[in-house]
file start-v8.csv (CSV, C-alpha atoms)
chain,number,residue,atom,x,y,z
Q,570,MET,CA,5.9,-7.8,-8.6
Q,571,LYS,CA,9.5,-8.0,-9.7
Q,572,LEU,CA,12.7,-6.6,-8.3
Q,573,ASN,CA,15.7,-5.8,-10.6
Q,574,VAL,CA,19.0,-5.1,-8.8
Q,575,ALA,CA,21.7,-3.2,-10.7
Q,576,ILE,CA,24.8,-1.3,-10.0
Q,577,GLU,CA,25.6,1.8,-12.1
Q,578,LYS,CA,28.9,3.4,-11.2
Q,579,ASN,CA,28.7,3.7,-7.4
Q,580,VAL,CA,24.9,3.5,-7.2
Q,581,LEU,CA,22.9,0.5,-6.1
Q,582,ILE,CA,19.6,0.6,-8.0
Q,583,PHE,CA,16.5,-1.3,-7.0
Q,584,GLY,CA,14.1,-1.3,-9.9
Q,585,LEU,CA,10.6,-2.2,-8.8
Q,586,TYR,CA,8.1,-3.6,-11.4
Q,587,GLY,CA,4.4,-4.1,-11.0
Q,588,GLU,CA,2.2,-3.8,-7.9
Q,589,LEU,CA,3.7,-3.6,-4.4
Q,590,ASP,CA,1.4,-4.8,-1.5
Q,591,SER,CA,2.1,-6.7,1.7
Q,592,HIS,CA,1.9,-10.0,-0.1
Q,593,THR,CA,4.1,-9.2,-3.1
Q,594,TYR,CA,6.6,-7.5,-0.8
Q,595,GLU,CA,7.4,-10.8,0.8
Q,596,ASN,CA,8.9,-12.0,-2.5
Q,597,ILE,CA,11.4,-9.1,-2.8
Q,598,ARG,CA,12.3,-8.1,0.8
Q,599,ALA,CA,15.1,-10.7,1.3
Q,600,ASP,CA,16.7,-10.0,-2.1
Q,601,MET,CA,16.8,-6.3,-1.3
Q,602,ASP,CA,18.4,-6.8,2.1
Q,603,THR,CA,20.9,-9.3,0.7
Q,604,SER,CA,21.9,-6.8,-1.9
Q,605,ILE,CA,22.3,-4.0,0.6
Q,606,CYS,CA,24.8,-6.2,2.5
Q,607,ARG,CA,26.6,-7.8,-0.4
Q,608,TYR,CA,27.5,-5.1,-2.8
Q,609,LYS,CA,29.8,-2.1,-2.6
Q,610,TYR,CA,28.2,1.3,-3.4
Q,611,ASP,CA,27.9,4.8,-2.1
Q,612,LYS,CA,24.2,5.6,-2.8
Q,613,VAL,CA,20.9,3.8,-3.3
Q,614,ILE,CA,18.1,4.5,-5.7
Q,615,PHE,CA,14.6,3.0,-5.4
Q,616,ASP,CA,13.5,3.2,-9.0
Q,617,PHE,CA,9.7,3.5,-9.1
Q,618,THR,CA,9.5,4.2,-12.8
Q,619,ASN,CA,7.7,0.9,-13.5
Q,620,LEU,CA,5.9,0.6,-10.2
Q,621,THR,CA,2.2,0.8,-11.1
Q,622,PHE,CA,0.7,0.4,-7.7
Q,623,MET,CA,1.8,0.8,-4.0
Q,624,ASP,CA,-0.1,0.7,-0.7
Q,625,SER,CA,1.2,1.5,2.8
Q,626,THR,CA,3.5,-1.5,2.5
Q,627,GLY,CA,5.8,0.7,0.5
Q,628,ILE,CA,6.0,3.2,3.3
Q,629,GLY,CA,7.1,0.5,5.7
Q,630,MET,CA,9.6,-0.8,3.1
Q,631,LEU,CA,11.2,2.7,2.5
Q,632,ILE,CA,11.4,3.7,6.2
Q,633,GLY,CA,12.8,0.3,7.1
Q,634,ARG,CA,15.5,0.4,4.3
Q,635,TYR,CA,16.2,4.1,5.1
Q,636,LYS,CA,17.0,3.1,8.7
Q,637,ILE,CA,19.4,0.3,7.6
Q,638,LEU,CA,21.1,2.6,5.0
Q,639,LYS,CA,21.4,5.4,7.5
Q,640,GLY,CA,23.3,3.1,9.8
Q,641,LEU,CA,25.6,2.3,6.9
Q,642,GLN,CA,25.9,6.1,6.1
Q,643,LYS,CA,24.5,5.6,2.5
Q,644,PRO,CA,22.0,8.1,1.3
Q,645,CYS,CA,19.0,6.9,-0.7
Q,646,TYR,CA,16.6,8.4,-3.2
Q,647,ILE,CA,13.2,7.6,-4.8
Q,648,LEU,CA,13.2,7.9,-8.6
Q,649,ASN,CA,10.1,8.7,-10.6
Q,650,ALA,CA,7.2,7.7,-8.4
Q,651,ASN,CA,3.9,8.1,-10.2
Q,652,ARG,CA,1.2,10.5,-9.1
Q,653,SER,CA,-0.8,8.1,-6.9
Q,654,ILE,CA,2.3,6.8,-5.2
Q,655,THR,CA,3.6,10.3,-4.7
Q,656,LYS,CA,0.4,11.2,-3.0
Q,657,ILE,CA,0.8,8.4,-0.4
Q,658,LEU,CA,4.5,9.2,0.1
Q,659,GLN,CA,3.6,12.8,0.7
Q,660,MET,CA,0.8,11.9,3.1
Q,661,SER,CA,3.2,9.9,5.3
Q,662,GLY,CA,6.1,12.3,5.2
Q,663,VAL,CA,8.5,9.9,3.5
Q,664,PHE,CA,9.9,12.8,1.3
Q,665,THR,CA,11.1,14.6,4.4
Q,666,ILE,CA,13.7,11.8,4.9
Q,667,ILE,CA,14.1,10.4,1.3
Q,668,ARG,CA,14.5,12.8,-1.6
Q,669,HIS,CA,12.3,12.3,-4.7
Q,670,ILE,CA,14.3,12.7,-7.9
Q,671,GLU,CA,13.0,12.7,-11.5
Q,672,ASN,CA,16.3,11.9,-13.3
Q,673,LYS,CA,18.9,9.3,-12.5
Q,674,GLY,CA,21.5,11.7,-13.8
Q,675,GLU,CA,21.1,13.8,-10.6
Q,676,ILE,CA,22.7,11.0,-8.6
Q,677,VAL,CA,24.6,8.6,-10.8
M,1190,MET,CA,-26.7,4.5,-12.5
M,1191,ASN,CA,-27.4,2.1,-9.6
M,1192,ASN,CA,-25.6,-1.1,-9.2
M,1193,TYR,CA,-24.1,-3.5,-6.7
M,1194,LEU,CA,-21.4,-6.2,-6.3
M,1195,GLU,CA,-20.7,-8.7,-3.6
M,1196,LEU,CA,-17.4,-10.6,-3.3
M,1197,LYS,CA,-16.5,-13.3,-0.8
M,1198,PHE,CA,-13.0,-14.8,-0.8
M,1199,MET,CA,-10.4,-16.5,1.4
M,1200,SER,CA,-8.3,-14.4,3.6
M,1201,ILE,CA,-5.0,-14.9,1.9
M,1202,GLY,CA,-2.5,-12.3,0.8
M,1203,GLU,CA,-2.8,-13.3,-2.9
M,1204,ASN,CA,-6.3,-12.0,-2.8
M,1205,GLU,CA,-5.3,-8.4,-2.0
M,1206,ALA,CA,-4.5,-7.7,-5.7
M,1207,PHE,CA,-7.7,-9.6,-6.9
M,1208,ALA,CA,-9.9,-7.6,-4.5
M,1209,ARG,CA,-8.6,-4.1,-5.4
M,1210,ASN,CA,-8.6,-4.8,-9.1
M,1211,ALA,CA,-12.1,-6.3,-9.1
M,1212,VAL,CA,-13.6,-3.3,-7.3
M,1213,ALA,CA,-11.7,-0.9,-9.6
M,1214,SER,CA,-13.1,-2.7,-12.6
M,1215,PHE,CA,-16.6,-2.5,-11.2
M,1216,VAL,CA,-16.4,1.2,-10.7
M,1217,LEU,CA,-15.0,1.9,-14.2
M,1218,GLY,CA,-18.6,2.3,-15.5
M,1219,LEU,CA,-18.7,5.7,-13.7
M,1220,ASN,CA,-15.8,6.9,-15.9
M,1221,PRO,CA,-13.6,7.9,-12.9
M,1222,THR,CA,-10.3,9.6,-13.3
M,1223,LEU,CA,-7.1,7.6,-12.9
M,1224,GLU,CA,-6.6,9.3,-9.6
M,1225,GLU,CA,-10.1,8.3,-8.3
M,1226,ILE,CA,-9.6,4.7,-9.4
M,1227,SER,CA,-6.2,4.6,-7.8
M,1228,ASP,CA,-7.6,6.0,-4.5
M,1229,ILE,CA,-10.2,3.3,-4.4
M,1230,LYS,CA,-7.7,0.6,-5.2
M,1231,THR,CA,-5.4,1.7,-2.4
M,1232,ALA,CA,-8.2,2.0,0.1
M,1233,ILE,CA,-9.3,-1.6,-0.7
M,1234,SER,CA,-5.8,-2.9,-0.5
M,1235,GLU,CA,-5.4,-1.3,3.0
M,1236,ALA,CA,-8.7,-2.7,4.2
M,1237,VAL,CA,-8.1,-6.3,2.9
M,1238,THR,CA,-4.5,-6.3,4.2
M,1239,ASN,CA,-5.9,-5.3,7.7
M,1240,SER,CA,-8.3,-8.3,7.6
M,1241,VAL,CA,-5.7,-10.8,6.4
M,1242,VAL,CA,-2.8,-9.6,8.7
M,1243,HIS,CA,-4.6,-8.3,11.8
M,1244,GLY,CA,-8.2,-9.7,11.7
M,1245,TYR,CA,-7.2,-13.2,11.0
M,1246,ASN,CA,-3.5,-12.9,12.0
M,1247,GLU,CA,-2.4,-14.5,8.7
M,1248,SER,CA,-4.1,-17.8,9.7
M,1249,LYS,CA,-5.5,-18.1,6.1
M,1250,GLU,CA,-8.7,-19.6,7.6
M,1251,GLY,CA,-11.0,-16.7,7.4
M,1252,GLU,CA,-13.4,-15.2,5.0
M,1253,ILE,CA,-13.5,-11.6,3.7
M,1254,LEU,CA,-16.7,-10.1,2.3
M,1255,ILE,CA,-16.7,-7.0,0.1
M,1256,LYS,CA,-19.9,-5.2,-0.9
M,1257,VAL,CA,-19.9,-2.3,-3.3
M,1258,SER,CA,-23.0,-0.2,-4.1
M,1259,ILE,CA,-23.1,2.5,-6.7
M,1260,VAL,CA,-25.9,5.1,-6.1
M,1261,GLU,CA,-25.8,7.7,-8.8
M,1262,ARG,CA,-22.2,8.8,-8.5
M,1263,LEU,CA,-21.6,7.7,-5.0
M,1264,VAL,CA,-19.5,4.5,-4.4
M,1265,VAL,CA,-20.3,2.8,-1.1
M,1266,ILE,CA,-17.9,0.1,0.0
M,1267,GLU,CA,-18.1,-2.3,2.9
M,1268,VAL,CA,-15.2,-4.6,3.8
M,1269,ARG,CA,-16.1,-7.2,6.4
M,1270,ASP,CA,-14.2,-9.9,8.3
M,1271,TYR,CA,-15.1,-12.2,11.1
M,1272,GLY,CA,-11.7,-12.0,12.8
M,1273,ILE,CA,-10.5,-10.9,16.2
M,1274,GLY,CA,-11.6,-7.3,15.9
M,1275,ILE,CA,-9.7,-4.1,16.9
M,1276,ASP,CA,-9.2,-3.5,20.6
M,1277,ASP,CA,-9.0,0.3,20.4
M,1278,VAL,CA,-10.2,1.8,17.2
M,1279,GLU,CA,-9.2,5.4,18.1
M,1280,LYS,CA,-5.6,4.2,18.7
M,1281,ALA,CA,-5.6,2.1,15.6
M,1282,LYS,CA,-6.5,5.2,13.6
M,1283,GLN,CA,-3.5,7.2,14.7
M,1284,PRO,CA,-0.9,7.7,12.1
M,1285,PHE,CA,2.1,5.3,12.4
M,1286,TYR,CA,0.4,3.3,15.2
M,1287,THR,CA,0.9,-0.4,14.6
M,1288,THR,CA,0.8,-3.6,16.6
M,1289,LYS,CA,3.2,-5.3,14.2
M,1290,LYS,CA,6.2,-3.1,14.1
M,1291,GLU,CA,8.6,-6.0,13.7
M,1292,ASP,CA,6.9,-6.8,10.3
M,1293,GLU,CA,7.7,-3.2,9.1
M,1294,ARG,CA,4.0,-2.4,9.1
M,1295,SER,CA,3.8,1.4,8.6
M,1296,GLY,CA,0.7,2.0,10.7
M,1297,MET,CA,-0.6,4.3,8.0
M,1298,GLY,CA,-3.5,2.1,6.7
M,1299,PHE,CA,-6.4,4.0,8.3
M,1300,THR,CA,-4.9,7.4,7.7
M,1301,ILE,CA,-4.6,6.6,4.0
M,1302,MET,CA,-8.1,5.2,3.8
M,1303,GLU,CA,-9.4,8.4,5.5
M,1304,CYS,CA,-7.5,10.7,3.2
M,1305,LEU,CA,-8.3,8.9,0.0
M,1306,MET,CA,-12.0,8.3,0.6
M,1307,ASP,CA,-14.7,10.9,1.5
M,1308,LYS,CA,-15.9,8.9,4.5
M,1309,LEU,CA,-14.6,6.0,6.6
M,1310,GLN,CA,-16.5,4.3,9.4
M,1311,ILE,CA,-15.1,1.5,11.5
M,1312,ASN,CA,-17.3,-0.9,13.5
M,1313,SER,CA,-15.3,-3.6,15.4
M,1314,SER,CA,-16.0,-6.1,18.1
M,1315,GLY,CA,-14.7,-9.5,19.1
M,1316,ASP,CA,-16.7,-11.0,16.3
M,1317,GLY,CA,-15.0,-9.1,13.5
M,1318,THR,CA,-14.6,-5.7,11.8
M,1319,VAL,CA,-16.7,-3.9,9.3
M,1320,LEU,CA,-15.2,-0.9,7.4
M,1321,SER,CA,-17.6,1.3,5.6
M,1322,MET,CA,-16.2,3.8,3.1
M,1323,GLN,CA,-17.7,6.2,0.6
M,1324,LYS,CA,-16.4,8.1,-2.3
M,1325,GLU,CA,-18.2,10.4,-4.8
M,1326,ILE,CA,-16.9,10.1,-8.3
M,1327,CYS,CA,-16.8,13.6,-9.9
M,1328,LYS,CA,-18.7,14.2,-13.2

call {"tool": "encode", "arguments": {"input": "start-v8.csv", "output": "structure tokens"}}
result
Amino acid sequence: MKLNVAIEKNVLIFGLYGELDSHTYENIRADMDTSICRYKYDKVIFDFTNLTFMDSTGIGMLIGRYKILKGLQKPCYILNANRSITKILQMSGVFTIIRHIENKGEIV
Amino acid sequence: MNNYLELKFMSIGENEAFARNAVASFVLGLNPTLEEISDIKTAISEAVTNSVVHGYNESKEGEILIKVSIVERLVVIEVRDYGIGIDDVEKAKQPFYTTKKEDERSGMGFTIMECLMDKLQINSSGDGTVLSMQKEICK
């Protein structure tokens, strides 16, 4: 699991690589939260293009970050989740609070 | 095809990935779809996480046992730990119910296992928990 943090224009982009589970999440959680506090941006994208696997840890991660970002009045989006991950996110209702986008251009 | 596999490993987070990928590899002989493999991987990941995080409370001192049997096209999986067990199974199965909210646990583990597998049975006592799951792999 690897986290890549980038800023494009006014958008903070978290690129997730590999397999996200409760163990691998421990390695990226602090970096994510530090970036949320440190940088200046208007919107956040969780880029799932290269995320090959995710279990319910991802639901906790997204709902947790959504709450923080809502407090900061910054909207967030999920980019390009694969079919299996989409299935889990649908099951848990995450898409009712965080929009799924297929193209970065919609936001950046 | 009939076949079986047994795995016994330490209850540490590093083994979540090992366990789901090992079971997925074992089932590959049935030529499952990507979706079926992914469903099984996710269910195993949820079950093992439960044992590591809840059963053994992240003490890293427990043992987790996985048995997989293949009977024709039916995959039968048992995940067993000897941890503290689940007080109230019905409550634990409710979506979004978690005893570890401060850890950002979603409380969706059992819901996901139930949705992705054809069958889920939970047997728990003070001596540990056994999850039994089944999934038919389509031809």

call {"tool": "interface_residues", "arguments": {"input": "start-v8.csv", "of": "chain Q", "to": "chain M", "cutoff": "8 Å", "atoms": "all atoms listed in the file", "output": "MDAnalysis selection string"}}
result
chainID Q and resid 590:592 623:626 628:630 633 652:653 657 660:661

call {"tool": "write_last_selection", "arguments": {"input": "start-v8.csv", "atoms": "C-alpha atoms", "output": "compact mmCIF listing (two decimals), in the coordinates of the input"}}
result
# COMPACT_ATOMS: atom_id res chain seq x y z
CA ASP Q 590 1.40 -4.80 -1.50
CA SER Q 591 2.10 -6.70 1.70
CA HIS Q 592 1.90 -10.00 -0.10
CA MET Q 623 1.80 0.80 -4.00
CA ASP Q 624 -0.10 0.70 -0.70
CA SER Q 625 1.20 1.50 2.80
CA THR Q 626 3.50 -1.50 2.50
CA ILE Q 628 6.00 3.20 3.30
CA GLY Q 629 7.10 0.50 5.70
CA MET Q 630 9.60 -0.80 3.10
CA GLY Q 633 12.80 0.30 7.10
CA ARG Q 652 1.20 10.50 -9.10
CA SER Q 653 -0.80 8.10 -6.90
CA ILE Q 657 0.80 8.40 -0.40
CA MET Q 660 0.80 11.90 3.10
CA SER Q 661 3.20 9.90 5.30

call {"tool": "closest_residue", "arguments": {"input": "start-v8.csv", "among": "Q:Leu585, Q:Ile666, Q:Met601, Q:Ile637", "to": "Asn649 in chain Q", "atoms": "all atoms listed in the file"}}
result
Q:Leu585

call {"tool": "residues_around", "arguments": {"input": "start-v8.csv", "residues": "range 1311-1327 of chain M", "least_positions_apart": "4", "cutoff": "7 Å", "atoms": "only C-alpha atoms", "output": "PyMOL selection string"}}
result
chain M and resi 1221+1262-1275+1306-1307

call {"tool": "write_last_selection", "arguments": {"input": "start-v8.csv", "atoms": "C-alpha atoms", "output": "short mmCIF file (atom, residue, chain, number, x, y, z; two decimals), keeping the file's coordinate frame"}}
result
data_model
loop_
_atom_site.label_atom_id
_atom_site.label_comp_id
_atom_site.auth_asym_id
_atom_site.auth_seq_id
_atom_site.Cartn_x
_atom_site.Cartn_y
_atom_site.Cartn_z
CA PRO M 1221 -13.60 7.90 -12.90
CA ARG M 1262 -22.20 8.80 -8.50
CA LEU M 1263 -21.60 7.70 -5.00
CA VAL M 1264 -19.50 4.50 -4.40
CA VAL M 1265 -20.30 2.80 -1.10
CA ILE M 1266 -17.90 0.10 0.00
CA GLU M 1267 -18.10 -2.30 2.90
CA VAL M 1268 -15.20 -4.60 3.80
CA ARG M 1269 -16.10 -7.20 6.40
CA ASP M 1270 -14.20 -9.90 8.30
CA TYR M 1271 -15.10 -12.20 11.10
CA GLY M 1272 -11.70 -12.00 12.80
CA ILE M 1273 -10.50 -10.90 16.20
CA GLY M 1274 -11.60 -7.30 15.90
CA ILE M 1275 -9.70 -4.10 16.90
CA MET M 1306 -12.00 8.30 0.60
CA ASP M 1307 -14.70 10.90 1.50
#

call {"tool": "atom_distance", "arguments": {"input": "start-v8.csv", "atom1": "CA of Phe622 in chain Q", "atom2": "CA of Ile654 in chain Q"}}
result
7.1 Å

call {"tool": "residues_around", "arguments": {"input": "start-v8.csv", "residues": "Ile597 in chain Q", "least_positions_apart": "6", "cutoff": "12 Å", "atoms": "only C-alpha atoms", "output": "list of chain:residue names"}}
result
Q:Met570, Q:Lys571, Q:Leu572, Q:Asn573, Q:Val574, Q:Phe583, Q:Gly584, Q:Leu585, Q:Tyr586, Q:Gly587, Q:Glu588, Q:Leu589, Q:Asp590, Q:Ser591, Q:Thr603, Q:Ser604, Q:Gly627, Q:Met630

call {"tool": "residues_near_point", "arguments": {"input": "start-v8.csv", "point": "(26.0, 6.2, 0.6)", "cutoff": "10 Å", "atoms": "only C-alpha atoms", "output": "ChimeraX atom specification"}}
result
/Q:579-581,609-613,638-639,641-645

call {"tool": "atom_distance", "arguments": {"input": "start-v8.csv", "atom1": "CA of Leu620 in chain Q", "atom2": "CA of Leu1194 in chain M"}}
result
28.4 Å

call {"tool": "atom_distance", "arguments": {"input": "start-v8.csv", "atom1": "CA of Ala1211 in chain M", "atom2": "CA of Leu1196 in chain M"}}
result
9.0 Å
